[in-house]
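Visitor: My structure is in target_21.txt, and what it holds is compact mmCIF, C-alpha atoms and all ligand atoms:
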# COMPACT_ATOMS: atom_id res chain seq x y z
CA MET A 1 13.11 129.99 124.97
CA LEU A 2 11.64 133.20 123.58
CA TYR A 3 12.73 136.61 124.79
CA LYS A 4 10.28 138.82 122.90
CA ARG A 5 9.07 140.85 125.86
CA SER A 6 12.57 141.22 127.31
CA SER A 7 13.70 142.57 123.94
CA GLN A 8 10.88 145.11 123.92
CA LEU A 9 11.55 146.11 127.52
CA PHE A 10 15.25 146.50 126.73
CA ALA A 11 14.42 148.78 123.77
CA ASP A 12 12.29 150.91 126.11
CA ALA A 13 15.00 150.97 128.77
CA GLU A 14 17.66 152.07 126.28
CA LYS A 15 15.66 155.24 125.63
CA VAL A 16 15.91 156.43 129.24
CA ILE A 17 18.86 154.58 130.85
CA PRO A 18 22.41 154.59 129.40
CA GLY A 19 22.80 151.21 127.67
CA GLY A 20 19.40 150.22 129.06
CA VAL A 21 20.94 149.02 132.33
CA ASN A 22 22.03 150.38 135.67
CA SER A 23 25.17 148.28 135.72
CA PRO A 24 27.13 147.46 132.54
CA VAL A 25 27.66 143.73 133.04
CA ARG A 26 23.87 143.22 132.81
CA ALA A 27 23.83 144.38 129.19
CA PHE A 28 25.20 141.11 127.72
CA LYS A 29 27.93 143.01 125.83
CA ALA A 30 30.43 140.18 126.44
CA VAL A 31 28.12 137.47 125.09
CA GLY A 32 25.85 139.33 122.67
CA GLY A 33 22.08 139.30 122.58
CA THR A 34 19.73 141.33 124.74
CA PRO A 35 19.48 141.13 128.54
CA ILE A 36 16.76 139.11 130.25
CA PHE A 37 14.23 141.15 132.19
CA VAL A 38 13.21 139.45 135.43
CA LYS A 39 9.60 139.48 136.63
CA SER A 40 10.20 137.59 139.90
CA ALA A 41 12.40 135.01 141.55
CA LYS A 42 12.00 132.38 144.26
CA GLY A 43 14.59 129.96 145.65
CA ALA A 44 16.94 128.86 142.86
CA TYR A 45 14.70 130.08 140.04
CA LEU A 46 14.19 133.24 138.04
CA TYR A 47 10.92 133.91 136.21
CA ASP A 48 11.45 136.29 133.31
CA GLU A 49 9.06 138.64 131.53
CA ASP A 50 8.46 136.08 128.77
CA GLY A 51 7.29 133.44 131.21
CA ASN A 52 10.53 131.45 131.11
CA LYS A 53 11.77 129.70 134.26
CA LEU A 54 15.56 129.79 134.63
CA ILE A 55 17.86 128.09 137.11
CA ASP A 56 19.90 130.98 138.49
CA TYR A 57 23.67 130.58 138.95
CA ILE A 58 24.30 134.30 139.49
CA ASN A 59 21.91 135.04 142.36
CA SER A 60 22.26 138.81 142.06
CA TRP A 61 26.07 138.37 141.77
CA GLY A 62 26.30 136.65 145.12
CA PRO A 63 23.81 137.98 147.73
CA MET A 64 21.14 135.30 147.38
CA VAL A 65 23.21 132.57 149.02
CA LEU A 66 20.03 131.06 150.54
CA GLY A 67 17.94 131.57 147.43
CA HIS A 68 15.69 134.32 146.14
CA ALA A 69 12.85 135.74 148.28
CA TYR A 70 14.19 133.92 151.33
CA GLU A 71 11.21 134.04 153.71
CA PRO A 72 12.90 135.39 156.87
CA VAL A 73 14.51 138.22 154.91
CA VAL A 74 11.28 139.13 153.10
CA GLU A 75 9.32 139.11 156.36
CA ALA A 76 11.95 141.22 158.12
CA VAL A 77 11.83 143.87 155.38
CA ILE A 78 8.01 143.96 155.25
CA GLU A 79 7.70 144.32 159.04
CA ARG A 80 10.44 146.96 159.21
CA ALA A 81 8.97 149.03 156.38
CA LYS A 82 5.81 149.51 158.41
CA LEU A 83 7.92 151.34 161.04
CA GLY A 84 9.36 153.84 158.56
CA THR A 85 12.02 153.39 155.90
CA SER A 86 14.77 155.87 156.76
CA PHE A 87 15.52 158.33 159.53
CA GLY A 88 19.08 159.53 159.16
CA MET A 89 19.32 158.70 162.84
CA PRO A 90 20.79 155.68 164.62
CA THR A 91 18.63 152.58 165.20
CA GLU A 92 19.23 149.55 167.43
CA LEU A 93 19.18 147.37 164.30
CA GLU A 94 22.58 148.74 163.23
CA THR A 95 24.11 147.75 166.57
CA GLN A 96 22.55 144.29 166.32
CA ILE A 97 23.91 143.50 162.85
CA ALA A 98 27.28 145.06 163.70
CA ALA A 99 27.59 142.88 166.82
CA LEU A 100 26.60 139.74 164.87
CA ALA A 101 29.09 140.43 162.07
CA ILE A 102 31.84 140.99 164.64
CA LYS A 103 30.91 137.69 166.30
CA MET A 104 31.06 135.82 162.95
CA VAL A 105 34.20 137.37 161.41
CA PRO A 106 37.67 137.03 162.95
CA ASN A 107 39.96 139.93 163.77
CA ILE A 108 37.44 142.79 163.65
CA ASP A 109 36.35 144.93 166.61
CA LYS A 110 34.27 147.54 164.78
CA ILE A 111 32.38 147.78 161.48
CA ARG A 112 31.00 150.72 159.47
CA PHE A 113 28.04 150.14 157.16
CA VAL A 114 27.75 151.84 153.77
CA ASN A 115 25.61 151.23 150.67
CA SER A 116 27.71 149.16 148.28
CA GLY A 117 30.87 147.14 147.92
CA THR A 118 32.40 150.03 145.99
CA GLU A 119 31.76 152.38 148.88
CA ALA A 120 33.20 149.87 151.34
CA CYS A 121 36.44 149.41 149.37
CA MET A 122 36.76 153.11 148.55
CA SER A 123 36.37 154.00 152.23
CA ALA A 124 38.79 151.25 153.32
CA ILE A 125 41.49 152.71 151.06
CA ARG A 126 40.92 156.21 152.45
CA LEU A 127 41.08 154.84 156.00
CA ALA A 128 44.33 152.99 155.24
CA ARG A 129 45.88 156.12 153.72
CA GLY A 130 44.78 158.22 156.71
CA TYR A 131 46.01 155.64 159.22
CA THR A 132 49.43 155.08 157.58
CA LYS A 133 49.87 158.63 156.24
CA ARG A 134 50.98 157.07 152.94
CA ASP A 135 49.46 157.60 149.48
CA LYS A 136 50.07 154.58 147.26
CA ILE A 137 48.12 151.33 147.08
CA ILE A 138 48.77 148.02 145.37
CA LYS A 139 45.94 146.20 143.66
CA PHE A 140 46.01 143.16 141.39
CA ALA A 141 45.25 143.03 137.66
CA GLY A 142 41.87 141.37 137.22
CA CYS A 143 40.67 142.08 140.73
CA TYR A 144 37.63 144.35 140.92
CA HIS A 145 36.90 146.46 143.98
CA GLY A 146 34.08 148.56 142.56
CA HIS A 147 34.14 151.62 140.35
CA SER A 148 35.95 154.12 142.59
CA ASP A 149 38.67 156.05 140.71
CA SER A 150 41.58 154.46 142.56
CA PHE A 151 40.55 151.02 141.33
CA LEU A 152 39.86 151.73 137.64
CA ILE A 153 43.53 151.42 136.78
CA GLN A 154 45.48 149.07 134.54
CA ALA A 155 49.16 148.37 134.47
CA GLY A 156 51.44 150.65 132.58
CA SER A 157 54.02 148.74 130.55
CA GLY A 158 56.18 146.61 132.80
CA ALA A 159 55.35 145.64 136.35
CA ILE A 160 56.69 148.54 138.38
CA THR A 161 55.59 151.59 136.44
CA PHE A 162 52.63 153.55 137.76
CA GLY A 163 49.14 152.55 136.76
CA SER A 164 47.29 154.29 133.97
CA PRO A 165 43.55 155.08 133.98
CA ASN A 166 41.42 152.51 132.20
CA SER A 167 38.43 154.76 132.25
CA PRO A 168 38.05 158.35 131.04
CA GLY A 169 37.37 160.56 134.02
CA VAL A 170 40.08 158.99 136.17
CA THR A 171 42.89 161.48 136.44
CA ALA A 172 46.59 160.79 136.02
CA GLY A 173 46.97 162.21 139.53
CA THR A 174 44.81 159.42 140.88
CA ALA A 175 46.33 156.71 138.71
CA LYS A 176 49.87 157.45 139.85
CA ASP A 177 49.03 156.27 143.35
CA THR A 178 47.73 152.88 142.23
CA LEU A 179 50.35 150.22 141.52
CA LEU A 180 49.31 147.05 139.76
CA ALA A 181 50.62 143.55 140.51
CA ARG A 182 49.93 140.12 139.05
CA TYR A 183 47.59 137.98 141.14
CA ASN A 184 49.27 134.99 142.80
CA ASP A 185 52.72 136.54 142.13
CA LEU A 186 54.47 137.48 145.39
CA ASP A 187 57.75 138.33 143.64
CA ASN A 188 55.93 141.02 141.69
CA VAL A 189 54.59 142.49 144.94
CA VAL A 190 58.12 142.52 146.41
CA GLU A 191 59.31 144.43 143.32
CA LEU A 192 56.62 147.07 143.83
CA ILE A 193 57.32 147.44 147.56
CA THR A 194 61.07 147.70 146.92
CA ALA A 195 60.51 150.33 144.23
CA ASN A 196 58.24 152.39 146.50
CA PRO A 197 59.78 152.23 149.99
CA ASN A 198 57.59 153.56 152.82
CA GLU A 199 55.07 154.91 150.31
CA ILE A 200 52.48 152.13 150.19
CA ALA A 201 49.50 152.48 152.50
CA ALA A 202 47.71 149.28 151.59
CA ILE A 203 47.56 146.17 149.48
CA ILE A 204 43.96 145.42 148.53
CA VAL A 205 43.19 141.94 147.27
CA GLU A 206 40.28 139.65 146.59
CA PRO A 207 41.52 136.79 148.80
CA VAL A 208 39.66 134.49 146.42
CA ALA A 209 39.40 136.29 143.11
CA GLY A 210 35.96 136.29 141.53
CA ASN A 211 36.25 138.89 138.80
CA MET A 212 38.43 136.99 136.37
CA GLY A 213 36.27 133.94 136.82
CA CYS A 214 37.00 132.22 140.12
CA ILE A 215 40.71 132.13 140.96
CA PRO A 216 41.68 130.72 144.37
CA PRO A 217 44.92 131.98 145.94
CA LYS A 218 47.98 129.78 145.33
CA GLU A 219 49.41 128.05 148.39
CA GLY A 220 51.30 130.69 150.40
CA PHE A 221 50.09 133.71 148.41
CA LEU A 222 47.90 135.22 151.12
CA GLU A 223 50.35 134.23 153.86
CA GLY A 224 53.10 135.96 151.85
CA LEU A 225 51.04 139.13 151.48
CA ARG A 226 50.38 139.11 155.21
CA GLN A 227 54.09 138.86 156.00
CA LEU A 228 55.06 141.54 153.46
CA CYS A 229 52.47 143.92 154.91
CA THR A 230 53.55 143.25 158.48
CA ASP A 231 57.24 143.73 157.59
CA ASN A 232 56.65 146.98 155.67
CA GLY A 233 53.99 148.79 157.75
CA ILE A 234 51.41 148.25 154.99
CA LEU A 235 47.75 147.50 155.75
CA LEU A 236 46.41 144.33 154.15
CA ILE A 237 42.84 144.80 152.94
CA PHE A 238 40.77 141.72 152.09
CA ASP A 239 38.00 142.63 149.70
CA GLU A 240 35.44 140.02 150.79
CA VAL A 241 32.50 141.63 149.03
CA MET A 242 32.01 138.34 147.17
CA THR A 243 33.49 135.84 149.64
CA GLY A 244 32.26 137.31 152.93
CA PHE A 245 29.59 135.17 154.63
CA ARG A 246 29.68 132.94 151.50
CA LEU A 247 32.84 130.82 151.69
CA ALA A 248 32.54 130.52 155.48
CA ALA A 249 30.75 132.38 158.26
CA GLY A 250 34.03 134.22 158.84
CA GLY A 251 34.87 134.43 155.15
CA VAL A 252 38.31 133.71 153.75
CA GLN A 253 40.02 134.87 156.95
CA GLU A 254 38.37 131.88 158.65
CA LEU A 255 38.79 129.56 155.66
CA VAL A 256 42.57 129.97 155.28
CA GLY A 257 43.55 131.37 158.67
CA VAL A 258 45.17 134.53 157.30
CA THR A 259 44.06 137.80 158.93
CA SER A 260 43.71 141.07 157.08
CA ASP A 261 43.97 144.50 158.70
CA ILE A 262 40.75 145.75 157.09
CA VAL A 263 38.03 143.60 155.53
CA CYS A 264 35.36 144.80 153.13
CA PHE A 265 31.89 143.32 152.70
CA GLY A 266 28.92 143.64 150.38
CA LYS A 267 26.37 141.38 148.69
CA VAL A 268 25.43 138.68 151.29
CA ILE A 269 25.74 141.08 154.24
CA GLY A 270 22.76 143.03 152.86
CA GLY A 271 20.54 140.01 152.17
CA GLY A 272 19.84 141.44 148.72
CA LEU A 273 19.40 145.07 149.78
CA PRO A 274 22.07 147.76 149.22
CA VAL A 275 24.63 147.21 151.97
CA GLY A 276 28.41 147.37 152.04
CA ALA A 277 30.64 147.45 155.10
CA PHE A 278 34.26 147.66 156.14
CA ALA A 279 35.71 146.49 159.42
CA ALA A 280 38.98 146.28 161.33
CA ARG A 281 40.41 146.23 164.81
CA ALA A 282 39.44 149.24 166.92
CA GLU A 283 42.77 151.08 166.67
CA ILE A 284 42.23 151.40 162.91
CA MET A 285 38.45 151.97 162.85
CA ASN A 286 38.73 154.68 165.51
CA TYR A 287 40.47 156.82 162.88
CA LEU A 288 37.05 157.27 161.25
CA ALA A 289 34.88 160.36 161.77
CA PRO A 290 33.30 161.38 164.07
CA LEU A 291 35.92 159.77 166.36
CA GLY A 292 38.98 160.33 164.19
CA PRO A 293 40.10 162.51 161.27
CA VAL A 294 39.25 160.24 158.30
CA TYR A 295 35.95 161.42 156.88
CA GLN A 296 33.32 159.03 155.56
CA ALA A 297 29.54 159.42 155.56
CA GLY A 298 26.24 158.44 153.90
CA THR A 299 22.59 159.48 154.10
CA LEU A 300 21.33 155.92 153.73
CA SER A 301 24.18 154.14 155.49
CA GLY A 302 22.68 151.75 158.03
CA ASN A 303 19.27 152.12 156.40
CA PRO A 304 16.72 150.23 158.57
CA LEU A 305 15.27 148.13 155.72
CA ALA A 306 18.72 147.12 154.51
CA MET A 307 19.85 146.39 158.05
CA ALA A 308 16.73 144.30 158.67
CA ALA A 309 17.42 142.26 155.53
CA GLY A 310 21.11 141.86 156.35
CA LEU A 311 20.44 140.93 159.97
CA ALA A 312 17.92 138.25 158.97
CA MET A 313 20.42 136.86 156.45
CA LEU A 314 23.34 136.78 158.89
CA GLN A 315 21.18 135.29 161.63
CA ALA A 316 20.15 132.46 159.29
CA LEU A 317 23.77 131.75 158.32
CA ASP A 318 24.97 131.99 161.90
CA ALA A 319 22.28 129.57 163.10
CA ASP A 320 22.99 126.95 160.42
CA ARG A 321 26.75 126.75 159.84
CA GLU A 322 26.14 123.43 158.01
CA VAL A 323 24.97 125.57 155.07
CA PHE A 324 28.59 126.27 154.11
CA ILE A 325 29.26 122.54 153.89
CA ARG A 326 26.10 121.97 151.82
CA LEU A 327 27.12 124.79 149.48
CA LYS A 328 30.62 123.34 149.06
CA GLU A 329 29.26 119.83 148.43
CA LYS A 330 26.74 121.04 145.84
CA THR A 331 29.45 123.03 144.07
CA ALA A 332 31.86 120.07 144.08
CA TYR A 333 29.09 117.83 142.70
CA LEU A 334 28.41 120.33 139.90
CA ALA A 335 32.12 120.70 139.13
CA ALA A 336 32.58 116.93 138.91
CA GLY A 337 29.58 116.60 136.60
CA ILE A 338 30.74 119.40 134.30
CA ASN A 339 34.25 117.96 134.26
CA LYS A 340 32.87 114.57 133.19
CA VAL A 341 30.69 115.77 130.32
CA LEU A 342 33.18 118.33 128.93
CA THR A 343 35.94 115.71 129.01
CA ASN A 344 33.68 113.18 127.27
CA ASN A 345 32.93 115.79 124.59
CA ASN A 346 36.63 116.58 124.05
CA VAL A 347 36.28 120.22 125.04
CA SER A 348 39.38 122.23 126.08
CA PHE A 349 38.44 123.60 129.49
CA THR A 350 39.54 124.34 133.04
CA ILE A 351 37.22 124.50 136.04
CA ASN A 352 38.19 126.69 139.00
CA THR A 353 36.20 126.27 142.19
CA ILE A 354 36.37 126.89 145.91
CA GLY A 355 33.47 126.67 148.35
CA SER A 356 30.33 127.86 146.56
CA MET A 357 32.17 129.71 143.78
CA ILE A 358 32.91 128.12 140.42
CA SER A 359 33.89 129.17 136.90
CA VAL A 360 34.44 127.33 133.61
CA HIS A 361 37.25 128.55 131.34
CA PHE A 362 37.54 127.31 127.76
CA ASP A 363 41.27 126.77 127.71
CA ASP A 364 43.36 123.78 128.82
CA ASN A 365 45.84 125.81 130.84
CA ALA A 366 45.62 126.53 134.55
CA VAL A 367 43.85 129.85 135.19
CA VAL A 368 45.79 131.55 137.98
CA ASP A 369 45.76 135.24 137.09
CA PHE A 370 44.32 137.78 134.66
CA GLN A 371 46.73 136.87 131.86
CA THR A 372 45.80 133.18 131.93
CA ALA A 373 42.10 133.98 132.41
CA ALA A 374 42.26 136.11 129.25
CA LYS A 375 43.36 133.07 127.21
CA GLY A 376 39.91 131.50 127.44
CA ASP A 377 38.08 131.03 124.13
CA ASN A 378 35.31 133.63 124.28
CA GLU A 379 33.52 132.37 121.17
CA THR A 380 33.05 129.01 122.88
CA PHE A 381 31.95 130.79 126.04
CA LYS A 382 29.29 132.72 124.08
CA LYS A 383 27.92 129.45 122.65
CA PHE A 384 28.03 127.99 126.16
CA PHE A 385 26.15 130.94 127.66
CA HIS A 386 23.41 131.12 125.03
CA GLY A 387 23.11 127.36 124.72
CA LEU A 388 22.48 127.06 128.45
CA LEU A 389 20.07 129.97 128.36
CA GLN A 390 18.02 128.10 125.76
CA GLU A 391 18.02 125.12 128.14
CA GLY A 392 16.68 127.33 130.97
CA ILE A 393 19.95 127.91 132.79
CA TYR A 394 21.29 131.38 133.59
CA ILE A 395 25.05 131.69 134.15
CA ALA A 396 27.16 134.86 134.23
CA PRO A 397 27.00 136.74 130.88
CA SER A 398 30.80 137.04 130.92
CA ALA A 399 33.73 134.63 131.08
CA TYR A 400 35.31 136.96 133.64
CA GLU A 401 32.70 136.26 136.27
CA THR A 402 32.05 133.58 138.85
CA TRP A 403 28.95 131.47 139.28
CA PHE A 404 27.44 131.76 142.77
CA ILE A 405 25.86 128.58 144.11
CA THR A 406 22.79 128.94 146.32
CA ASP A 407 21.61 126.50 148.96
CA ALA A 408 18.18 126.59 147.30
CA LEU A 409 19.61 124.53 144.40
CA THR A 410 18.60 120.86 144.57
CA TYR A 411 20.64 117.95 143.26
CA GLU A 412 17.95 117.56 140.59
CA ASP A 413 18.74 121.13 139.48
CA LEU A 414 22.42 120.25 139.38
CA ASP A 415 21.80 117.08 137.36
CA PHE A 416 19.58 119.03 134.97
CA THR A 417 22.39 121.57 134.56
CA ILE A 418 25.04 118.91 133.94
CA GLN A 419 22.84 117.23 131.31
CA ALA A 420 22.26 120.60 129.63
CA ILE A 421 26.01 121.27 129.55
CA ASP A 422 26.52 117.83 128.01
CA LYS A 423 23.95 118.62 125.30
CA VAL A 424 25.26 122.14 124.62
CA SER A 425 28.94 121.18 124.58
CA LYS A 426 28.31 118.51 121.93
CA THR A 427 27.64 121.42 119.55
CA PHE A 428 31.02 123.13 120.15
P1 LIG A 501 29.26 146.90 144.35
O1 LIG A 501 29.64 148.37 144.38
O2 LIG A 501 28.89 146.44 142.95
O3 LIG A 501 28.22 146.52 145.39
O4 LIG A 501 30.57 146.05 144.78
C1 LIG A 501 31.74 146.24 144.05
C2 LIG A 501 32.60 144.99 144.23
C3 LIG A 501 33.67 145.04 145.10
N1 LIG A 501 34.46 143.96 145.30
C4 LIG A 501 34.23 142.80 144.65
C5 LIG A 501 35.13 141.63 144.90
C6 LIG A 501 33.15 142.70 143.74
O5 LIG A 501 32.94 141.52 143.08
C7 LIG A 501 32.31 143.80 143.53
C8 LIG A 501 31.14 143.77 142.56
N2 LIG A 501 30.97 142.56 141.83
C9 LIG A 501 30.36 142.68 140.54
C10 LIG A 501 30.31 141.30 139.89
N3 LIG A 501 31.59 140.86 139.49
C11 LIG A 501 29.00 143.30 140.62
C12 LIG A 501 28.16 143.19 139.38
C13 LIG A 501 27.99 144.51 138.73
O6 LIG A 501 28.98 145.27 138.58
O7 LIG A 501 26.84 144.77 138.33
Would you mind writing the structure in this file as structure tokens?
Guide:
Amino acid sequence: MLYKRSSQLFADAEKVIPGGVNSPVRAFKAVGGTPIFVKSAKGAYLYDEDGNKLIDYINSWGPMVLGHAYEPVVEAVIERAKLGTSFGMPTELETQIAALAIKMVPNIDKIRFVNSGTEACMSAIRLARGYTKRDKIIKFAGCYHGHSDSFLIQAGSGAITFGSPNSPGVTAGTAKDTLLARYNDLDNVVELITANPNEIAAIIVEPVAGNMGCIPPKEGFLEGLRQLCTDNGILLIFDEVMTGFRLAAGGVQELVGVTSDIVCFGKVIGGGLPVGAFAARAEIMNYLAPLGPVYQAGTLSGNPLAMAAGLAMLQALDADREVFIRLKEKTAYLAAGINKVLTNNNVSFTINTIGSMISVHFDDNAVVDFQTAAKGDNETFKKFFHGLLQEGIYIAPSAYETWFITDALTYEDLDFTIQAIDKVSKTF
């Protein structure tokens, strides 16, 4: 596979865009090399600027759960664009997609649309703080909720000190209100709650973590968070930007039967256009302006094109609930195949998977939190990434990401991928 034109395009991009990309993970910093520039995509395949065809296991980091250029979504956007692209005024479309999301997702009465997952999570935190009149939040090391200041925090030494900024530009004043816990560690959460009585507004969690690779919740973890929040007047926020409308129609709340107080969405809900959303029962959502005192706004929130794409996507998923079973079966088939070939080739690895999310970690140990995810051998991962790329397979350019399976993948694609992994892993 040659990437001559992508390399030239990247050099051009670097002159006018910081790092040549509009989102850092695209720059291949974790794996080396230069990013692939996409010309087009259809179904399970990307077509890059050098004429290469790649099987896509990222699918825009999750949105393309039914494959790229999914006909009903494309048609909906084309037809809607002819009617005007943005008004800054309400449209019936917003009510239609809101009503459908509320039908599909448990325990929500109202939903507010925004333009990204970051905006959804940022707004959910503000709403929780306004509703509870408390300042602090708990998040988990390795969970990513977008680039809002409150989330760009890493643990200070020890488990119950305040967070410290892990990005310049985040103030100490902001960091002090973010407490960091270890994922899948309820005792650690109890420590934080005990050390900060009546001060914690919310616990925000990826109910299935996807930003340290894929890390499912341990048995009882989410149930334990639910009970701790209920007992301590804390709002439980499920960040389902990745998992929403992907792991089940009703997301992880449906999958595991644990309800959050606020749930955040992104990715799939926009059908590939910029949409985020946050939702809750009415007594919480009614705290939002213009009804309540918590301010939140956006010029392009509820944008008609984005709503048309999201509505077409949700309608397709709602009409064919079997898709979630197909996605799970395809992912399980892929996981079994990878397990077989990596075992045969004496590779140290762990595969984490749930529903249509999967990640491969080059370490024998169980990967259950950020600390264990960080033990993966990144040099092997880099060989894995580039080896697969040469075979025409595009996986996440970072060991701390999840692969997103699309229903457009065929079993021939999966077999091709497994054979490529067999070939590449023989070189480790
Ligand atoms: P956006 O602002 O990127 O739409 O969503 C932020 C976000 C929030 N919550 C979760 C669980 C997320 O995974 C994300 C964004 N995911 C990353 C991929 N790990 C987006 C890729 C990127 O940053 O370019």
Visitor: How would you write, as a ChimeraX atom specification, the set of residues no farther than 8 Å from ligand LIG 501 (chain A) when counting only C-alpha atoms and all ligand atoms?
Guide: /A:22-26,60-61,115-121,143-147,206,209-211,239-243,264-267,274-276,400-402
Visitor: Extract, using only C-alpha atoms, all DNA, RNA and protein residues at most 7 Å from segment 66-81 of chain A, discarding same-chain residues fewer than 6 positions from it, and format them as a compact mmCIF listing (two decimals) with C-alpha atoms, in the coordinates of the input.
Guide:
# COMPACT_ATOMS: atom_id res chain seq x y z
CA ALA A 41 12.40 135.01 141.55
CA LYS A 42 12.00 132.38 144.26
CA GLY A 43 14.59 129.96 145.65
CA ALA A 44 16.94 128.86 142.86
CA GLY A 271 20.54 140.01 152.17
CA LEU A 305 15.27 148.13 155.72
CA ALA A 308 16.73 144.30 158.67
CA ALA A 309 17.42 142.26 155.53
CA ALA A 312 17.92 138.25 158.97
CA MET A 313 20.42 136.86 156.45
CA THR A 406 22.79 128.94 146.32
CA ASP A 407 21.61 126.50 148.96
CA ALA A 408 18.18 126.59 147.30
Visitor: One decimal, in Å: what's the spacing between atom CA of His386 of chain A and atom CA of Lys328 of chain A?
Guide: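 Spanning atom CA of His386 of chain A to atom CA of Lys328 of chain A is a straight-line distance of 26.3 Å.
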Visitor: In Å, how far is it from atom CA of Leu186 of chain A to atom CA of Gln154 of chain A?
Guide: 18.2 Å
Visitor: Pick out the residues sitting within 10 Å of segment 332-346 of chain A, and hand them over as a PyMOL selection string; count all atoms listed in the file, and ignore anything fewer than 6 positions along from it in its own chain.
Guide: chain A and resi 326+352-360+405+411+413-415+417-428
Visitor: Distance table requested - segment 63-140 of chain A against segment 194-205 of chain A, cut-off 6 Å, all atoms listed in the file: one row per qualifying residue with the closest atom pair and its distance in Å to one decimal, ordered by chain and rising residue number, as CSV.
Guide:
residue,atom,partner,partner_atom,distance
A:Ala128,CA,A:Ala201,CA,5.9
A:Arg129,CA,A:Ala201,CA,5.3
A:Thr132,CA,A:Ala201,CA,5.7
A:Arg134,CA,A:Ala201,CA,4.8
A:Asp135,CA,A:Ala201,CA,5.9
A:Lys136,CA,A:Ile200,CA,4.5
A:Ile137,CA,A:Ala202,CA,5.0
A:Ile138,CA,A:Ile203,CA,4.7
A:Lys139,CA,A:Ile204,CA,5.3
Visitor: What does the file look like for those residues with C-alpha atoms, as a tab-separated table (two decimals), keeping the file's coordinate frame?
Guide:
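Everything below was put into out.tsv:
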chain	number	residue	atom	x	y	z
A	128	ALA	CA	44.33	152.99	155.24
A	129	ARG	CA	45.88	156.12	153.72
A	132	THR	CA	49.43	155.08	157.58
A	134	ARG	CA	50.98	157.07	152.94
A	135	ASP	CA	49.46	157.60	149.48
A	136	LYS	CA	50.07	154.58	147.26
A	137	ILE	CA	48.12	151.33	147.08
A	138	ILE	CA	48.77	148.02	145.37
A	139	LYS	CA	45.94	146.20	143.66
Visitor: Work out how far atom CA of Ala297 of chain A is from atom CA of Thr174 of chain A, in Å to one decimal.
Guide: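 Straight-line distance from atom CA of Thr174 of chain A to atom CA of Ala297 of chain A works out to 21.2 Å.
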Visitor: Every residue with an atom at most 12 Å from (43.2, 127.7, 135.4) (file coordinates; only C-alpha atoms) is what I'm after, so could you write them as a VMD selection string?
Guide: chain A and resid 212 to 218 348 to 353 358 to 376
Visitor: Please check which residues have atoms at most 9 Å from (21.0, 156.8, 152.6) in the file's coordinates, counting all atoms listed in the file, and write them as number ranges by chain.
Guide: A: 86-88, 114-115, 298-303
Visitor: Determine the nearest neighbour of Ser167 of chain A from the options A:Ala280, A:Leu317, A:Val38, A:Leu152, counting only C-alpha atoms.
Guide: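 With only C-alpha atoms as the atom set, the closest residue is A:Leu152.
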Visitor: From the set A:Ala101, A:Leu192, A:Leu46, A:Ile111, which residue has the shortest atom-to-atom contact distance to Arg281 of chain A, counting all atoms listed in the file?
Guide: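 Residue with the minimum atom-to-atom distance to Arg281 of chain A: A:Ile111.
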